[in-house]
Protein chains: 2
Amino acid sequence: MTVWERPARGARGPAPERSRAEVTAAAVALADESGLAAVTMRRVAGRLGTGPASLYRYVSSRDELIDLMADAMTGEIDLTAPLGGDPVEDLLALASQARALHLSHPWLLDVPPERLRLGPRGLDYLERALTAMAPAALPGHARLETVALLSGLAKLFARTELQAAQTSTERHAAQAGYLARAAAEGTRPLLAAALAESAASGLPEDLQALFERTARRVLAGLLTGDQK
Amino acid sequence: MTVWERPARGARGPAPERSRAEVTAAAVALADESGLAAVTMRRVAGRLGTGPASLYRYVSSRDELIDLMADAMTGEIDLTAPLGGDPVEDLLALASQARALHLSHPWLLDVPPERLRLGPRGLDYLERALTAMAPAALPGHARLETVALLSGLAKLFARTELQAAQTSTERHAAQAGYLARAAAEGTRPLLAAALAESAASGLPEDLQALFERTARRVLAGLLTGDQK
DNA sequence: TAAAAGCGCGAACAGCGATCGCAGTATCGG
DNA sequence: CCGATACTGCGATCGCTGTTCGCGCTTTTA
C-alpha cells in the first residue's frame, strides 16, 4: 500500500506527536541545506528531537519519505493561473515552473526517477498538463509521453544550469581539468572547438530564454505532427 | 586527479594481480545480474576472490568504479559505421545505439548523472556526435546541448520502455493500484481518459519506431531553426 | 473494565564505504 | 650489489546507514 492511501494514523492509540507534514518539512529543510544525501533517518529524527525509530510510525521507509518530499515540492507549483488556450504556451509555462522548482531545490535532481512516484500533487500537475494539451489532437499515450518528455527537459536544463553555476568542488575541478587536457590532445578536434567556442562566449544569454526557445521548438514538433 | 589520468600502476612495487579492466568487468557482470545496488565493494571483491580493501588499489572509490563501468559500456557503441551526411539521421543512429545500450544494461539508468562523468570512450562518443552535427550551422554551446538533450531522450525512452516491460514488483503494483484508484475518483477526468485510452491500445506500436519518430522531430526542430 | 490497537523509542543488527597499518616484493639510486 | 623506496594484498576496524524488535504507556472499542 502506498503512503497516499495508508491512513495517517490509526484509530485506536494515542494521537501522534507529529504529522507526516512535519516530518516531510524537516526532511525538506535538511535537503535544502545540505543535499539529499544529508537526509538520513537519524538526522531527520534529530531535527525533530526524537529517535530514528520513531519516524517509522509516519513513514515506512526512507524511500517513502523521499516520495513525500518530492510530492510536497510539486505542490509548490501554481496550477491556478488561467490557461491561455495555446497548448504550447500553456505547457511551457508549466515546464518553466518545474525548471524553477529544480533550481531552488537542487536535491530534486538527485531523486532517482526509477519507478514512477506520483503523489496527489503530482497527479494534479499531470491533470493540469493534460488540460493544457486538450486542444491538441493526440492519442492518449502520446499526451503522457509529451508530459514526461517535458519534465525531462526541465530537469536537463536545470541540471546543466546548476553545474555551470556551482563553484567547483574538488571533483568537478578534476573533471574539468581532464576534459580540457583531453580536448587539447589533438584527437577530438571538434570537441576542442566546441569547448573553446563555448568558453569564449561565456554564458552568452539568459538561460531561461534558452530553455523557453528549446522547449517551444520541441513542443511544436511534438504537438503539430499528427503522424509520420 | 581522475581515474583516466592516474596511472594504472606504480613504477616501483610488485605487479598488481588484477587490472582495472578485470575489476570493471566483474562489477559490470554483477550489475547486469542484480542491478547497480548489488555492486558493493564487498561483492565485487568476492567475485574476484579477494578482500574489499584490495579494490582500493585499483579504484579510489565506489563512485570511480561506477565511472569506469559507465565508460566501458559507452565503449560498446559502434562509432565506425560511415556517416551518411544528414545530421538528423546520423545523430539518430547514434542515439538509437545509446537507447539500445540502456535497454540491455538497465542499471545504466540508475547511474546518477549529477556531475558530468565522461571518460575517454564518452569523449569519443561526443566527438562522433559533433562530427555528425558538423554540417549544421549552430553555435558551439548549442551543439553540446543538443547532444545532452539527445542522450536524455534516449534514457527517457529506455526508462519508460523498461518500466512497461517489467512484471510488477511489489512496489510497482501498489503504485499502479493507487494510480488507477486516483484516476477513477472523478477529479482528474483527463488523466482517467488518457490512462484508459492508453490501456485500451495496449502497446500499440514498435517502441523503437516511436523513439525514432520523436527524436527525428526533436532534432529537426533543434538543428534547423537558427534563431527565434 | 478488560482487551485490542497504536504510539514513542532505546537497543540492537547487518551491511555499507572507506582507512590504517603491516608483511612481503619489485624497482631505483649509488 | 645493496640499502632505500615505493608499491601491493589484505585483515581488522571505524563510523555510518536503514531498519527491526520489544517494551511501557495511552487511547479506543466492546
# chains A, B, ... in the order shown; residues from 1 in each chain; ligands from 1

call {"tool": "residues_around", "arguments": {"residues": "Val39 (chain A)", "least_positions_apart": "3", "cutoff": "12 Å", "atoms": "only C-alpha atoms (C1' of nucleotides)", "output": "PDB file with C-alpha atoms (C1' of nucleotides), in the first residue's frame"}}
result
ATOM      1  CA  VAL A  23       8.373  15.081   9.174  1.00  0.00           C
ATOM      2  CA  THR A  24       8.380  15.944   5.489  1.00  0.00           C
ATOM      3  CA  ALA A  25       9.109  19.591   6.215  1.00  0.00           C
ATOM      4  CA  ALA A  26      12.068  18.674   8.404  1.00  0.00           C
ATOM      5  CA  ALA A  27      13.444  16.423   5.702  1.00  0.00           C
ATOM      6  CA  VAL A  28      12.989  19.080   3.034  1.00  0.00           C
ATOM      7  CA  ALA A  29      14.731  21.661   5.181  1.00  0.00           C
ATOM      8  CA  LEU A  30      17.631  19.291   5.621  1.00  0.00           C
ATOM      9  CA  ALA A  31      17.816  18.617   1.901  1.00  0.00           C
ATOM     10  CA  ASP A  32      17.680  22.302   1.053  1.00  0.00           C
ATOM     11  CA  GLU A  33      20.562  22.968   3.415  1.00  0.00           C
ATOM     12  CA  SER A  34      22.824  20.027   2.759  1.00  0.00           C
ATOM     13  CA  GLY A  35      21.539  17.983  -0.138  1.00  0.00           C
ATOM     14  CA  LEU A  36      19.589  14.787  -0.415  1.00  0.00           C
ATOM     15  CA  ARG A  42      18.860   9.860  12.113  1.00  0.00           C
ATOM     16  CA  ARG A  43      19.332  13.439  11.052  1.00  0.00           C
ATOM     17  CA  VAL A  44      15.677  13.974  10.306  1.00  0.00           C
ATOM     18  CA  ALA A  45      14.809  12.475  13.656  1.00  0.00           C
ATOM     19  CA  GLY A  46      17.420  14.633  15.346  1.00  0.00           C
ATOM     20  CA  ARG A  47      15.943  17.753  13.852  1.00  0.00           C
ATOM     21  CA  PRO A  52      15.237   7.332  14.338  1.00  0.00           C
ATOM     22  CA  ARG A  62      13.356   6.344   3.605  1.00  0.00           C
ATOM     23  CA  ASP A  63      12.235   5.984   0.006  1.00  0.00           C
ATOM     24  CA  LEU A  65       9.886   9.836   2.869  1.00  0.00           C
ATOM     25  CA  ILE A  66      11.532  10.983  -0.335  1.00  0.00           C
ATOM     26  CA  MET A  69       9.275  15.307  -0.114  1.00  0.00           C
ATOM     27  CA  TRP A 107      18.302  17.954  -4.455  1.00  0.00           C
ATOM     28  CA  ASP A 110      19.150  13.621  -7.120  1.00  0.00           C
ATOM     29  CA  VAL A 111      15.832  11.882  -6.581  1.00  0.00           C
TER      30      VAL A 111
ATOM     31  C1'  DT D  17      23.494   3.732   7.306  1.00  0.00           C
ATOM     32  C1'  DG D  18      18.357   1.825   7.036  1.00  0.00           C
TER      33       DG D  18
END

call {"tool": "calpha_fit_and_write", "arguments": {"fixed": "chain A", "moving": "chain B", "output": "CSV table (one decimal) with C-alpha atoms, in the first residue's frame"}}
result
chain,number,residue,atom,x,y,z
B,1,MET,CA,0.0,0.0,-0.1
B,2,THR,CA,1.3,3.5,-0.9
B,3,VAL,CA,1.7,6.4,1.6
B,4,TRP,CA,-1.0,8.2,-0.2
B,5,GLU,CA,-3.7,5.7,0.7
B,6,ARG,CA,-2.4,4.5,4.1
B,7,PRO,CA,-4.2,6.4,6.8
B,8,ALA,CA,-2.0,8.9,8.6
B,9,ARG,CA,-2.8,7.4,12.0
B,10,GLY,CA,-4.6,4.5,13.5
B,11,ALA,CA,-8.0,4.8,15.0
B,12,ARG,CA,-7.1,3.3,18.4
B,13,GLY,CA,-4.0,4.5,20.2
B,14,PRO,CA,-2.7,7.8,21.4
B,15,ALA,CA,-2.5,10.7,19.0
B,16,PRO,CA,0.9,10.9,17.2
B,17,GLU,CA,3.1,13.7,18.5
B,18,ARG,CA,4.0,14.8,15.0
B,19,SER,CA,2.4,14.7,11.5
B,20,ARG,CA,3.6,13.5,8.2
B,21,ALA,CA,3.8,17.1,7.1
B,22,GLU,CA,6.1,18.0,9.9
B,23,VAL,CA,8.4,15.1,9.2
B,24,THR,CA,8.4,15.9,5.5
B,25,ALA,CA,9.1,19.6,6.2
B,26,ALA,CA,12.1,18.7,8.4
B,27,ALA,CA,13.4,16.4,5.7
B,28,VAL,CA,13.0,19.1,3.0
B,29,ALA,CA,14.7,21.7,5.2
B,30,LEU,CA,17.6,19.3,5.6
B,31,ALA,CA,17.8,18.6,1.9
B,32,ASP,CA,17.7,22.3,1.1
B,33,GLU,CA,20.5,23.0,3.4
B,34,SER,CA,22.8,20.0,2.8
B,35,GLY,CA,21.5,18.0,-0.1
B,36,LEU,CA,19.6,14.8,-0.4
B,37,ALA,CA,22.4,12.7,1.0
B,38,ALA,CA,22.0,14.5,4.3
B,39,VAL,CA,18.5,13.3,4.6
B,40,THR,CA,19.1,10.3,6.8
B,41,MET,CA,16.6,8.9,9.2
B,42,ARG,CA,18.9,9.8,12.1
B,43,ARG,CA,19.4,13.4,11.0
B,44,VAL,CA,15.7,14.0,10.3
B,45,ALA,CA,14.8,12.5,13.7
B,46,GLY,CA,17.5,14.6,15.4
B,47,ARG,CA,16.0,17.7,13.9
B,48,LEU,CA,12.6,16.7,15.2
B,49,GLY,CA,14.1,15.9,18.6
B,50,THR,CA,13.3,12.2,18.6
B,51,GLY,CA,14.9,8.9,17.8
B,52,PRO,CA,15.3,7.3,14.3
B,53,ALA,CA,12.9,4.5,15.1
B,54,SER,CA,10.0,6.9,15.8
B,55,LEU,CA,10.0,8.1,12.2
B,56,TYR,CA,8.8,4.7,11.1
B,57,ARG,CA,5.5,5.4,12.6
B,58,TYR,CA,5.0,8.1,10.0
B,59,VAL,CA,6.8,6.6,7.0
B,60,SER,CA,7.6,3.0,6.1
B,61,SER,CA,10.9,3.7,4.6
B,62,ARG,CA,13.4,6.4,3.6
B,63,ASP,CA,12.2,6.0,0.0
B,64,GLU,CA,8.7,6.8,1.0
B,65,LEU,CA,9.9,9.8,2.9
B,66,ILE,CA,11.5,11.0,-0.3
B,67,ASP,CA,8.3,10.4,-2.2
B,68,LEU,CA,6.6,12.7,0.3
B,69,MET,CA,9.3,15.3,-0.1
B,70,ALA,CA,9.0,15.3,-3.9
B,71,ASP,CA,5.3,15.5,-3.9
B,72,ALA,CA,5.3,18.3,-1.4
B,73,MET,CA,7.6,20.3,-3.7
B,74,THR,CA,5.3,19.6,-6.7
B,75,GLY,CA,2.6,21.2,-4.6
B,76,GLU,CA,4.5,24.5,-4.8
B,77,ILE,CA,3.7,24.7,-8.5
B,78,ASP,CA,0.9,27.1,-9.2
B,79,LEU,CA,-1.9,25.4,-11.1
B,80,THR,CA,-4.4,28.2,-10.7
B,81,ALA,CA,-3.3,30.7,-13.3
B,82,PRO,CA,-5.8,30.8,-16.2
B,83,LEU,CA,-4.8,28.9,-19.3
B,84,GLY,CA,-4.3,30.9,-22.5
B,85,GLY,CA,-5.6,28.2,-24.8
B,86,ASP,CA,-2.4,27.6,-26.8
B,87,PRO,CA,-1.1,24.2,-25.7
B,88,VAL,CA,2.5,25.1,-26.5
B,89,GLU,CA,2.5,28.2,-24.4
B,90,ASP,CA,0.5,26.8,-21.6
B,91,LEU,CA,2.7,23.7,-21.3
B,92,LEU,CA,5.7,25.9,-21.5
B,93,ALA,CA,4.5,27.9,-18.6
B,94,LEU,CA,4.1,24.8,-16.6
B,95,ALA,CA,7.5,23.5,-17.6
B,96,SER,CA,9.1,26.8,-16.6
B,97,GLN,CA,7.7,26.5,-13.2
B,98,ALA,CA,9.1,22.9,-12.9
B,99,ARG,CA,12.5,24.1,-14.0
B,100,ALA,CA,12.4,26.9,-11.5
B,101,LEU,CA,11.5,24.5,-8.8
B,102,HIS,CA,14.5,22.3,-9.5
B,103,LEU,CA,16.7,25.4,-9.4
B,104,SER,CA,15.5,26.4,-6.0
B,105,HIS,CA,15.6,22.8,-4.7
B,106,PRO,CA,18.6,21.2,-6.4
B,107,TRP,CA,18.3,18.0,-4.5
B,108,LEU,CA,15.2,17.2,-6.6
B,109,LEU,CA,17.7,16.3,-9.3
B,110,ASP,CA,19.1,13.6,-7.1
B,111,VAL,CA,15.8,11.9,-6.6
B,112,PRO,CA,16.1,8.7,-8.6
B,113,PRO,CA,13.2,8.7,-11.1
B,114,GLU,CA,13.2,4.9,-11.4
B,115,ARG,CA,9.7,3.7,-10.8
B,116,LEU,CA,7.1,6.4,-11.2
B,117,ARG,CA,6.5,8.1,-7.8
B,118,LEU,CA,3.4,10.3,-8.3
B,119,GLY,CA,1.6,11.6,-5.3
B,120,PRO,CA,-1.6,13.5,-5.3
B,121,ARG,CA,0.1,16.8,-6.1
B,122,GLY,CA,1.9,15.1,-8.9
B,123,LEU,CA,-1.3,13.8,-10.3
B,124,ASP,CA,-2.8,17.3,-10.1
B,125,TYR,CA,0.2,18.6,-12.1
B,126,LEU,CA,-0.3,15.9,-14.6
B,127,GLU,CA,-4.0,16.7,-14.9
B,128,ARG,CA,-3.2,20.3,-15.4
B,129,ALA,CA,-0.8,19.5,-18.2
B,130,LEU,CA,-3.4,17.3,-19.9
B,131,THR,CA,-5.9,20.1,-19.7
B,132,ALA,CA,-3.4,22.5,-21.3
B,133,MET,CA,-2.9,19.8,-24.0
B,134,ALA,CA,-6.6,19.2,-24.6
B,135,PRO,CA,-6.8,21.3,-27.8
B,136,ALA,CA,-4.1,19.3,-29.5
B,137,ALA,CA,-5.2,16.2,-31.5
B,138,LEU,CA,-3.1,13.4,-30.0
B,139,PRO,CA,-3.6,9.8,-28.9
B,140,GLY,CA,-3.6,9.3,-25.1
B,141,HIS,CA,-0.2,7.7,-24.8
B,142,ALA,CA,1.4,10.5,-26.8
B,143,ARG,CA,0.0,13.0,-24.3
B,144,LEU,CA,1.5,11.2,-21.4
B,145,GLU,CA,4.8,10.9,-23.2
B,146,THR,CA,4.8,14.6,-24.0
B,147,VAL,CA,4.5,15.4,-20.3
B,148,ALA,CA,7.3,13.0,-19.5
B,149,LEU,CA,9.5,14.5,-22.1
B,150,LEU,CA,8.8,18.0,-21.0
B,151,SER,CA,9.6,17.1,-17.4
B,152,GLY,CA,12.8,15.5,-18.5
B,153,LEU,CA,13.7,18.6,-20.5
B,154,ALA,CA,13.1,20.9,-17.5
B,155,LYS,CA,15.3,18.7,-15.3
B,156,LEU,CA,18.0,18.6,-18.0
B,157,PHE,CA,18.2,22.4,-18.3
B,158,ALA,CA,18.1,22.8,-14.5
B,159,ARG,CA,21.0,20.4,-14.2
B,160,THR,CA,23.2,22.0,-16.7
B,161,GLU,CA,22.5,25.4,-15.3
B,162,LEU,CA,23.3,24.3,-11.8
B,163,GLN,CA,26.5,22.7,-12.9
B,164,ALA,CA,27.6,25.9,-14.6
B,165,ALA,CA,26.8,27.9,-11.5
B,166,GLN,CA,28.4,25.9,-8.8
B,167,THR,CA,31.9,27.0,-7.9
B,168,SER,CA,33.9,23.9,-8.5
B,169,THR,CA,34.1,21.2,-5.9
B,170,GLU,CA,37.2,19.1,-5.7
B,171,ARG,CA,35.8,16.5,-8.1
B,172,HIS,CA,34.4,19.0,-10.5
B,173,ALA,CA,37.7,20.7,-10.9
B,174,ALA,CA,39.4,17.4,-11.6
B,175,GLN,CA,36.9,16.5,-14.2
B,176,ALA,CA,37.2,19.9,-15.9
B,177,GLY,CA,40.9,19.6,-16.0
B,178,TYR,CA,40.7,16.2,-17.6
B,179,LEU,CA,38.3,17.5,-20.1
B,180,ALA,CA,40.5,20.4,-21.1
B,181,ARG,CA,43.5,18.2,-21.4
B,182,ALA,CA,41.7,15.6,-23.4
B,183,ALA,CA,40.4,18.2,-25.8
B,184,ALA,CA,43.8,19.8,-26.2
B,185,GLU,CA,45.3,16.4,-27.1
B,186,GLY,CA,44.7,16.7,-30.8
B,187,THR,CA,42.4,13.8,-31.4
B,188,ARG,CA,38.8,15.0,-31.0
B,189,PRO,CA,39.3,18.4,-32.7
B,190,LEU,CA,35.6,19.1,-32.9
B,191,LEU,CA,35.2,18.7,-29.2
B,192,ALA,CA,38.1,21.1,-28.7
B,193,ALA,CA,36.5,23.6,-31.0
B,194,ALA,CA,33.1,23.4,-29.3
B,195,LEU,CA,34.6,23.8,-25.9
B,196,ALA,CA,36.7,26.8,-27.0
B,197,GLU,CA,33.8,28.5,-28.6
B,198,SER,CA,31.6,27.7,-25.6
B,199,ALA,CA,34.2,29.1,-23.2
B,200,ALA,CA,34.7,32.2,-25.4
B,201,SER,CA,31.1,33.2,-25.4
B,202,GLY,CA,30.9,32.7,-21.7
B,203,LEU,CA,27.3,32.4,-20.6
B,204,PRO,CA,26.0,34.2,-23.7
B,205,GLU,CA,22.4,34.6,-22.8
B,206,ASP,CA,19.6,34.2,-20.5
B,207,LEU,CA,19.3,30.5,-19.7
B,208,GLN,CA,15.6,30.9,-19.1
B,209,ALA,CA,15.2,32.3,-22.6
B,210,LEU,CA,17.2,29.4,-24.0
B,211,PHE,CA,15.1,26.9,-22.2
B,212,GLU,CA,11.9,28.5,-23.5
B,213,ARG,CA,13.1,28.6,-27.0
B,214,THR,CA,14.2,25.0,-27.0
B,215,ALA,CA,11.1,23.8,-25.2
B,216,ARG,CA,8.9,25.7,-27.7
B,217,ARG,CA,10.6,24.1,-30.6
B,218,VAL,CA,10.4,20.6,-29.1
B,219,LEU,CA,6.7,21.1,-28.2
B,220,ALA,CA,5.9,22.5,-31.6
B,221,GLY,CA,7.4,19.4,-33.1
B,222,LEU,CA,5.5,17.0,-30.8
B,223,LEU,CA,2.1,18.6,-30.9
B,224,THR,CA,1.6,19.5,-34.5
B,225,GLY,CA,2.8,16.4,-36.4
B,226,ASP,CA,-0.1,13.9,-36.2
B,227,GLN,CA,1.8,11.1,-37.8
B,228,LYS,CA,5.0,10.4,-39.6

call {"tool": "closest_atom_pairs", "arguments": {"of": "chain C", "to": "chain B", "cutoff": "7 Å", "atoms": "only C-alpha atoms (C1' of nucleotides)", "output": "tab-separated table"}}
result
residue	atom	partner	partner_atom	distance
C:DT25	C1'	B:Pro14	CA	5.6
C:DA26	C1'	B:Gly13	CA	4.6
C:DT27	C1'	B:Arg12	CA	4.9

call {"tool": "write_last_selection", "arguments": {"atoms": "all heavy atoms", "output": "mmCIF file, in the first residue's frame"}}
result
data_model
loop_
_atom_site.group_PDB
_atom_site.id
_atom_site.type_symbol
_atom_site.label_atom_id
_atom_site.label_comp_id
_atom_site.auth_asym_id
_atom_site.auth_seq_id
_atom_site.Cartn_x
_atom_site.Cartn_y
_atom_site.Cartn_z
ATOM 1 P P DT C 25 57.433 -12.322 -0.830
ATOM 2 O OP1 DT C 25 56.904 -13.468 -1.597
ATOM 3 O OP2 DT C 25 58.694 -12.424 -0.063
ATOM 4 O "O5'" DT C 25 57.542 -11.085 -1.807
ATOM 5 C "C5'" DT C 25 56.421 -10.737 -2.619
ATOM 6 C "C4'" DT C 25 56.781 -9.533 -3.477
ATOM 7 O "O4'" DT C 25 56.936 -8.360 -2.635
ATOM 8 C "C3'" DT C 25 58.103 -9.662 -4.246
ATOM 9 O "O3'" DT C 25 57.887 -9.183 -5.561
ATOM 10 C "C2'" DT C 25 59.049 -8.752 -3.484
ATOM 11 C "C1'" DT C 25 58.085 -7.658 -3.066
ATOM 12 N N1 DT C 25 58.537 -6.789 -1.952
ATOM 13 C C2 DT C 25 58.468 -5.422 -2.108
ATOM 14 O O2 DT C 25 58.039 -4.884 -3.108
ATOM 15 N N3 DT C 25 58.910 -4.687 -1.033
ATOM 16 C C4 DT C 25 59.413 -5.192 0.152
ATOM 17 O O4 DT C 25 59.792 -4.432 1.056
ATOM 18 C C5 DT C 25 59.466 -6.617 0.250
ATOM 19 C C7 DT C 25 60.005 -7.260 1.499
ATOM 20 C C6 DT C 25 59.028 -7.354 -0.797
ATOM 21 P P DA C 26 58.459 -10.042 -6.833
ATOM 22 O OP1 DA C 26 57.332 -10.771 -7.408
ATOM 23 O OP2 DA C 26 59.686 -10.748 -6.401
ATOM 24 O "O5'" DA C 26 58.896 -8.880 -7.843
ATOM 25 C "C5'" DA C 26 57.902 -8.019 -8.361
ATOM 26 C "C4'" DA C 26 58.396 -6.591 -8.306
ATOM 27 O "O4'" DA C 26 58.790 -6.271 -6.958
ATOM 28 C "C3'" DA C 26 59.624 -6.281 -9.176
ATOM 29 O "O3'" DA C 26 59.223 -5.361 -10.177
ATOM 30 C "C2'" DA C 26 60.649 -5.683 -8.217
ATOM 31 C "C1'" DA C 26 59.793 -5.295 -7.025
ATOM 32 N N9 DA C 26 60.496 -5.320 -5.738
ATOM 33 C C8 DA C 26 60.958 -6.410 -5.067
ATOM 34 N N7 DA C 26 61.527 -6.133 -3.917
ATOM 35 C C5 DA C 26 61.441 -4.761 -3.821
ATOM 36 C C6 DA C 26 61.862 -3.854 -2.838
ATOM 37 N N6 DA C 26 62.488 -4.225 -1.716
ATOM 38 N N1 DA C 26 61.612 -2.544 -3.051
ATOM 39 C C2 DA C 26 60.981 -2.183 -4.173
ATOM 40 N N3 DA C 26 60.537 -2.949 -5.168
ATOM 41 C C4 DA C 26 60.802 -4.246 -4.931
ATOM 42 P P DT C 27 60.121 -5.163 -11.489
ATOM 43 O OP1 DT C 27 59.190 -4.883 -12.616
ATOM 44 O OP2 DT C 27 61.095 -6.253 -11.573
ATOM 45 O "O5'" DT C 27 60.892 -3.819 -11.151
ATOM 46 C "C5'" DT C 27 60.160 -2.599 -11.101
ATOM 47 C "C4'" DT C 27 60.967 -1.577 -10.327
ATOM 48 O "O4'" DT C 27 61.407 -2.133 -9.076
ATOM 49 C "C3'" DT C 27 62.245 -1.077 -11.016
ATOM 50 O "O3'" DT C 27 61.997 0.225 -11.517
ATOM 51 C "C2'" DT C 27 63.312 -1.114 -9.915
ATOM 52 C "C1'" DT C 27 62.491 -1.334 -8.649
ATOM 53 N N1 DT C 27 63.171 -2.050 -7.527
ATOM 54 C C2 DT C 27 63.564 -1.328 -6.442
ATOM 55 O O2 DT C 27 63.392 -0.135 -6.332
ATOM 56 N N3 DT C 27 64.169 -2.069 -5.456
ATOM 57 C C4 DT C 27 64.412 -3.433 -5.461
ATOM 58 O O4 DT C 27 64.968 -3.992 -4.526
ATOM 59 C C5 DT C 27 63.973 -4.122 -6.651
ATOM 60 C C7 DT C 27 64.176 -5.605 -6.755
ATOM 61 C C6 DT C 27 63.368 -3.414 -7.625
#

call {"tool": "interface_residues", "arguments": {"of": "chain D", "to": "chain A", "cutoff": "10 Å", "atoms": "only C-alpha atoms (C1' of nucleotides)", "output": "PDB file with N, CA and C atoms (P, O5', C5', C4', C3', O3' and C1' of nucleotides), in the first residue's frame"}}
result
ATOM      1  P    DT D  17      24.510   8.746   9.061  1.00  0.00           P
ATOM      2  O5'  DT D  17      23.797   7.528   8.318  1.00  0.00           O
ATOM      3  C5'  DT D  17      24.088   7.281   6.943  1.00  0.00           C
ATOM      4  C4'  DT D  17      23.558   5.923   6.556  1.00  0.00           C
ATOM      5  C3'  DT D  17      22.115   5.675   6.957  1.00  0.00           C
ATOM      6  O3'  DT D  17      21.260   6.229   5.986  1.00  0.00           O
ATOM      7  C1'  DT D  17      23.494   3.732   7.306  1.00  0.00           C
ATOM      8  P    DG D  18      19.733   6.493   6.372  1.00  0.00           P
ATOM      9  O5'  DG D  18      19.088   5.041   6.200  1.00  0.00           O
ATOM     10  C5'  DG D  18      19.116   4.419   4.924  1.00  0.00           C
ATOM     11  C4'  DG D  18      18.484   3.045   5.021  1.00  0.00           C
ATOM     12  C3'  DG D  18      17.036   3.040   5.477  1.00  0.00           C
ATOM     13  O3'  DG D  18      16.321   2.040   4.760  1.00  0.00           O
ATOM     14  C1'  DG D  18      18.357   1.825   7.036  1.00  0.00           C
ATOM     15  P    DT D  19      14.741   1.895   4.979  1.00  0.00           P
ATOM     16  O5'  DT D  19      14.672   0.844   6.172  1.00  0.00           O
ATOM     17  C5'  DT D  19      15.318  -0.420   6.011  1.00  0.00           C
ATOM     18  C4'  DT D  19      15.228  -1.212   7.283  1.00  0.00           C
ATOM     19  C3'  DT D  19      13.829  -1.277   7.916  1.00  0.00           C
ATOM     20  O3'  DT D  19      13.372  -2.619   7.833  1.00  0.00           O
ATOM     21  C1'  DT D  19      15.551  -0.978   9.542  1.00  0.00           C
ATOM     22  P    DT D  20      11.951  -3.038   8.396  1.00  0.00           P
ATOM     23  O5'  DT D  20      12.361  -3.723   9.794  1.00  0.00           O
ATOM     24  C5'  DT D  20      13.377  -4.712   9.792  1.00  0.00           C
ATOM     25  C4'  DT D  20      13.511  -5.304  11.188  1.00  0.00           C
ATOM     26  C3'  DT D  20      12.184  -5.616  11.891  1.00  0.00           C
ATOM     27  O3'  DT D  20      12.288  -6.909  12.483  1.00  0.00           O
ATOM     28  C1'  DT D  20      13.527  -4.202  13.257  1.00  0.00           C
ATOM     29  P    DC D  25       5.193   2.234  32.313  1.00  0.00           P
ATOM     30  O5'  DC D  25       4.228   3.059  31.342  1.00  0.00           O
ATOM     31  C5'  DC D  25       4.771   4.147  30.595  1.00  0.00           C
ATOM     32  C4'  DC D  25       3.782   4.554  29.526  1.00  0.00           C
ATOM     33  C3'  DC D  25       2.362   4.841  30.039  1.00  0.00           C
ATOM     34  O3'  DC D  25       2.064   6.209  29.822  1.00  0.00           O
ATOM     35  C1'  DC D  25       2.347   3.561  28.033  1.00  0.00           C
ATOM     36  P    DT D  26       0.675   6.807  30.325  1.00  0.00           P
ATOM     37  O5'  DT D  26      -0.190   6.807  28.989  1.00  0.00           O
ATOM     38  C5'  DT D  26       0.287   7.525  27.850  1.00  0.00           C
ATOM     39  C4'  DT D  26      -0.714   7.365  26.710  1.00  0.00           C
ATOM     40  C3'  DT D  26      -2.149   7.720  27.075  1.00  0.00           C
ATOM     41  O3'  DT D  26      -2.686   8.499  26.029  1.00  0.00           O
ATOM     42  C1'  DT D  26      -2.082   5.571  26.131  1.00  0.00           C
ATOM     43  P    DT D  27      -3.885   9.532  26.345  1.00  0.00           P
ATOM     44  O5'  DT D  27      -5.073   8.968  25.449  1.00  0.00           O
ATOM     45  C5'  DT D  27      -4.903   8.913  24.047  1.00  0.00           C
ATOM     46  C4'  DT D  27      -5.646   7.730  23.476  1.00  0.00           C
ATOM     47  C3'  DT D  27      -7.167   7.781  23.606  1.00  0.00           C
ATOM     48  O3'  DT D  27      -7.701   8.184  22.357  1.00  0.00           O
ATOM     49  C1'  DT D  27      -6.254   5.579  23.860  1.00  0.00           C
ATOM     50  P    DT D  28      -9.258   8.580  22.223  1.00  0.00           P
ATOM     51  O5'  DT D  28      -9.904   7.188  21.791  1.00  0.00           O
ATOM     52  C5'  DT D  28      -9.579   6.643  20.523  1.00  0.00           C
ATOM     53  C4'  DT D  28      -9.978   5.187  20.483  1.00  0.00           C
ATOM     54  C3'  DT D  28     -11.495   4.936  20.510  1.00  0.00           C
ATOM     55  O3'  DT D  28     -11.870   4.380  19.258  1.00  0.00           O
ATOM     56  C1'  DT D  28     -10.292   3.412  21.904  1.00  0.00           C
ATOM     57  P    DT D  29     -13.423   4.182  18.950  1.00  0.00           P
ATOM     58  O5'  DT D  29     -13.629   2.643  19.314  1.00  0.00           O
ATOM     59  C5'  DT D  29     -12.816   1.664  18.680  1.00  0.00           C
ATOM     60  C4'  DT D  29     -13.073   0.312  19.298  1.00  0.00           C
ATOM     61  C3'  DT D  29     -14.545  -0.096  19.353  1.00  0.00           C
ATOM     62  O3'  DT D  29     -14.682  -1.386  18.781  1.00  0.00           O
ATOM     63  C1'  DT D  29     -13.523  -0.409  21.469  1.00  0.00           C
TER      64       DT D  29
END

call {"tool": "select_by_dssp", "arguments": {"residues": "chain B", "states": "helix (DSSP H, G or I)", "output": "NGL selection string"}}
result
:B and (20-34 or 36-38 or 41-48 or 52-55 or 62-74 or 87-104 or 106-110 or 120-133 or 140-165 or 170-184 or 189-200 or 207-224)

call {"tool": "atom_distance", "arguments": {"atom1": "C1' of DT13 (chain D)", "atom2": "C1' of DG21 (chain C)"}}
result
11.1 Å

call {"tool": "atom_distance", "arguments": {"atom1": "C1' of DT5 (chain D)", "atom2": "C1' of DC28 (chain C)"}}
result
7.8 Å

call {"tool": "closest_residue", "arguments": {"among": "D:DC21, D:DC10, D:DA4, D:DC16", "to": "DG10 (chain C)", "atoms": "only C-alpha atoms (C1' of nucleotides)"}}
result
D:DC21

call {"tool": "residues_around", "arguments": {"residues": "DC14 (chain D)", "least_positions_apart": "5", "cutoff": "10 Å", "atoms": "only C-alpha atoms (C1' of nucleotides)", "output": "list in words"}}
result
DA18, DT19 and DC20 of chain C

call {"tool": "closest_residue", "arguments": {"among": "D:DG24, D:DA30, D:DG9, D:DG15", "to": "DA23 (chain C)", "atoms": "only C-alpha atoms (C1' of nucleotides)"}}
result
D:DG9

call {"tool": "atom_distance", "arguments": {"atom1": "C1' of DC16 (chain C)", "atom2": "C1' of DA12 (chain D)"}}
result
15.9 Å
